[in-house]
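Below is one structure, written out as structure tokens; the observations come after it.
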Amino acid sequence: VLLTSLDSIRVYIYEEGLVRFATQEYNNNPEDMKNTFIHLTNYSVNKNNEEFIHNTHPGEFEGHKWNLKTLWRYFEEKLGIDWRPLWEKTKDICTKTVLCGHEHMSKAYNKSIKSEYNCYKLFGFDVFYDSDLKPWILEVNNIPSLHINDIDAFVNYPMISELFNMIGFHYPRDIGFKYQRVIAEKLGIKKSSNGLGISNDYYTRIRTQREKDKIGEYESE
């Protein structure tokens with residue numbers, strides 16, 4: 001889940017993800033309550049089970065970790081279940097979770113952030129589906145893990161590429177000045193006396209007096 005703006009709030013939810021399974025079948029027997037192979041799906045836990053199977057073929061119904069679109073295909077082909085309502089519910093609770101933290105994040109944002117350039121946050125949401133296919137938020141990871149093994153790379157590489165395209169990186173200012181002739185010639189653009197790098201003035205959150213007056217005028221109405 002990518003958050004690119006707090007004022008106004010703007011959230012993007014990636015259409016792929018990772019699906020983790022416990023390595024032992026679930027039961028609610030009190031004697032098994034401490035068996036983490038039953039009650040947790042974390043890779044860091046289940047990889048230590050000798051029954052754990054690594055999935056090296058994204059898209060196949062094998063192993064204890066799948067990509068999300070493989071789960072949706074399993075629902076359709078094996079279970080005859082339309083996954084789309086479940087996905088809509090999943091996106092709904094993710095969006096509402098971000099909204100719950102909006103006030104707190106806005107306070108920190110307004111206090112610390114002076115420029116809106118590349119001000120973004122990537123969250124990792126852990127969502128649990130119960131036997132009635134109801135989604136539950138388990139936790140939100142502030143710094144989601146981005147592993148590069150087979151199934152993780154299959155999901156994460158395109159996601160990171162899309163993230164970089166959406167947030168819009170510019171040439172750093174020092175590189176823009178240093179290599180502007182080469183860059184200008186390669187891209188077929190004119191050299192600028194200000195350099196080709198980013199100017200923080202484009203993204204500053206410090207309002208001019210004219211902007212403050214305009215805001216005050218609308219707020220008074």
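Convention: chains lettered A, B, ... in structure tokens order; per-chain residue numbering from 1; ligands numbered from 1 as shown.
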Kindly provide the residues of region 49-96 of chain A that approach region 11-26 of chain A to within 7 Å, each paired with its closest atom pair and their distance in Å to one decimal, based on only C-alpha atoms, listed by chain and increasing number, as CSV.
```
residue,atom,partner,partner_atom,distance
A:Glu51,CA,A:Thr23,CA,6.6
A:Phe52,CA,A:Thr23,CA,6.0
A:His64,CA,A:Phe21,CA,5.1
A:Lys65,CA,A:Arg20,CA,4.6
A:Trp66,CA,A:Val19,CA,4.9
A:Asn67,CA,A:Leu18,CA,4.6
A:Leu68,CA,A:Gly17,CA,4.9
A:Lys69,CA,A:Glu16,CA,6.4
```
If we count only C-alpha atoms and set the cut-off at 8 Å, which residues sit around Ile143 (chain A), ignoring sequence neighbours fewer than 2 positions away in its own chain? Please answer as an NGL selection string.
:A and (122-124 or 141 or 145)
Across A:Lys178, A:His54, A:His39, A:Arg205, the smallest distance to Ser112 (chain A), with only C-alpha atoms counted, is shown by A:Arg205
Rank nothing, just name the residue among A:Tyr74, A:Ser8, A:Met159, A:Asp152 nearest to Phe61 (chain A), using only C-alpha atoms.
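Smallest distance to Phe61 (chain A) is found for A:Tyr74.
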DSSP helix (DSSP H, G or I) residues within region 30-208 of chain A, listed as number ranges by chain
A: 30-32, 36-39, 43-46, 68-79, 84-100, 102-112, 150-167, 173-178, 180-187, 200-202
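Across the model, the gap from CA of Val127 (chain A) to CA of Glu77 (chain A) is 22.5 Å.
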Taking the chain letters and numbering used in this document, name the residues of region 71-162 of chain A that DSSP puts in strand (DSSP E), as a list of chain:residue names.
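Listing strand (DSSP E) positions across region 71-162 of chain A yields A:Lys121, A:Leu122, A:Gly124, A:Phe125, A:Asp126, A:Val127, A:Phe128, A:Tyr129, A:Pro135, A:Trp136, A:Ile137, A:Leu138, A:Glu139, A:Val140, A:Asn141.
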Selected residues written out with N, CA, C and O atoms, as a tab-separated table (two decimals), in the first residue's frame:
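Writing done, so here's again13.tsv:
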```tsv
chain	number	residue	atom	x	y	z
A	121	LYS	N	5.22	6.95	1.39
A	121	LYS	CA	5.42	5.88	2.37
A	121	LYS	C	4.86	4.58	1.82
A	121	LYS	O	3.70	4.53	1.37
A	122	LEU	N	5.69	3.54	1.83
A	122	LEU	CA	5.24	2.21	1.42
A	122	LEU	C	4.98	1.37	2.67
A	122	LEU	O	5.87	1.17	3.49
A	124	GLY	N	3.46	-2.31	4.38
A	124	GLY	CA	3.17	-3.71	4.12
A	124	GLY	C	2.01	-4.14	5.02
A	124	GLY	O	2.13	-4.11	6.24
A	125	PHE	N	0.90	-4.52	4.41
A	125	PHE	CA	-0.29	-4.93	5.17
A	125	PHE	C	-0.36	-6.45	5.26
A	125	PHE	O	-0.27	-7.13	4.24
A	126	ASP	N	-0.54	-6.95	6.48
A	126	ASP	CA	-0.79	-8.37	6.69
A	126	ASP	C	-2.28	-8.56	6.91
A	126	ASP	O	-2.84	-8.04	7.88
A	127	VAL	N	-2.90	-9.30	5.99
A	127	VAL	CA	-4.35	-9.51	6.04
A	127	VAL	C	-4.63	-11.01	6.18
A	127	VAL	O	-4.06	-11.82	5.45
A	128	PHE	N	-5.50	-11.35	7.11
A	128	PHE	CA	-5.85	-12.74	7.37
A	128	PHE	C	-7.26	-13.01	6.84
A	128	PHE	O	-8.18	-12.22	7.07
A	129	TYR	N	-7.44	-14.11	6.09
A	129	TYR	CA	-8.76	-14.52	5.61
A	129	TYR	C	-9.26	-15.68	6.46
A	129	TYR	O	-8.58	-16.71	6.57
A	135	PRO	N	-11.89	-10.71	5.52
A	135	PRO	CA	-10.52	-10.24	5.73
A	135	PRO	C	-10.37	-9.51	7.07
A	135	PRO	O	-11.24	-8.75	7.48
A	136	TRP	N	-9.24	-9.76	7.72
A	136	TRP	CA	-8.92	-9.11	8.99
A	136	TRP	C	-7.52	-8.53	8.90
A	136	TRP	O	-6.59	-9.20	8.44
A	137	ILE	N	-7.35	-7.29	9.34
A	137	ILE	CA	-6.02	-6.69	9.40
A	137	ILE	C	-5.28	-7.26	10.61
A	137	ILE	O	-5.75	-7.15	11.75
A	138	LEU	N	-4.14	-7.90	10.37
A	138	LEU	CA	-3.32	-8.40	11.47
A	138	LEU	C	-2.33	-7.34	11.94
A	138	LEU	O	-2.19	-7.09	13.13
A	139	GLU	N	-1.64	-6.73	10.99
A	139	GLU	CA	-0.69	-5.67	11.34
A	139	GLU	C	-0.33	-4.89	10.09
A	139	GLU	O	-0.56	-5.33	8.96
A	140	VAL	N	0.25	-3.72	10.32
A	140	VAL	CA	0.76	-2.89	9.24
A	140	VAL	C	2.25	-2.71	9.47
A	140	VAL	O	2.67	-2.23	10.53
A	141	ASN	N	3.05	-3.11	8.51
A	141	ASN	CA	4.50	-3.02	8.63
A	141	ASN	C	4.99	-1.66	8.14
A	141	ASN	O	4.77	-1.29	6.98
```
Residues within 12 Å of Phe164 (chain A), only C-alpha atoms, excluding chain neighbours under 6 positions, as an mmCIF file with C-alpha atoms, in the first residue's frame:
```cif
data_model
loop_
_atom_site.group_PDB
_atom_site.id
_atom_site.type_symbol
_atom_site.label_atom_id
_atom_site.label_comp_id
_atom_site.auth_asym_id
_atom_site.auth_seq_id
_atom_site.Cartn_x
_atom_site.Cartn_y
_atom_site.Cartn_z
ATOM 1 C CA LEU A 2 1.599 3.228 -1.210
ATOM 2 C CA THR A 4 1.833 9.506 -1.754
ATOM 3 C CA ASN A 118 9.251 12.274 -3.158
ATOM 4 C CA CYS A 119 7.406 12.367 0.127
ATOM 5 C CA TYR A 120 5.838 8.922 0.151
ATOM 6 C CA LYS A 121 5.416 5.881 2.366
ATOM 7 C CA LEU A 122 5.245 2.213 1.424
ATOM 8 C CA TYR A 157 10.543 -6.264 -8.554
ATOM 9 C CA PRO A 158 7.588 -5.038 -10.660
ATOM 10 C CA HIS A 170 14.356 13.757 -10.672
#
```
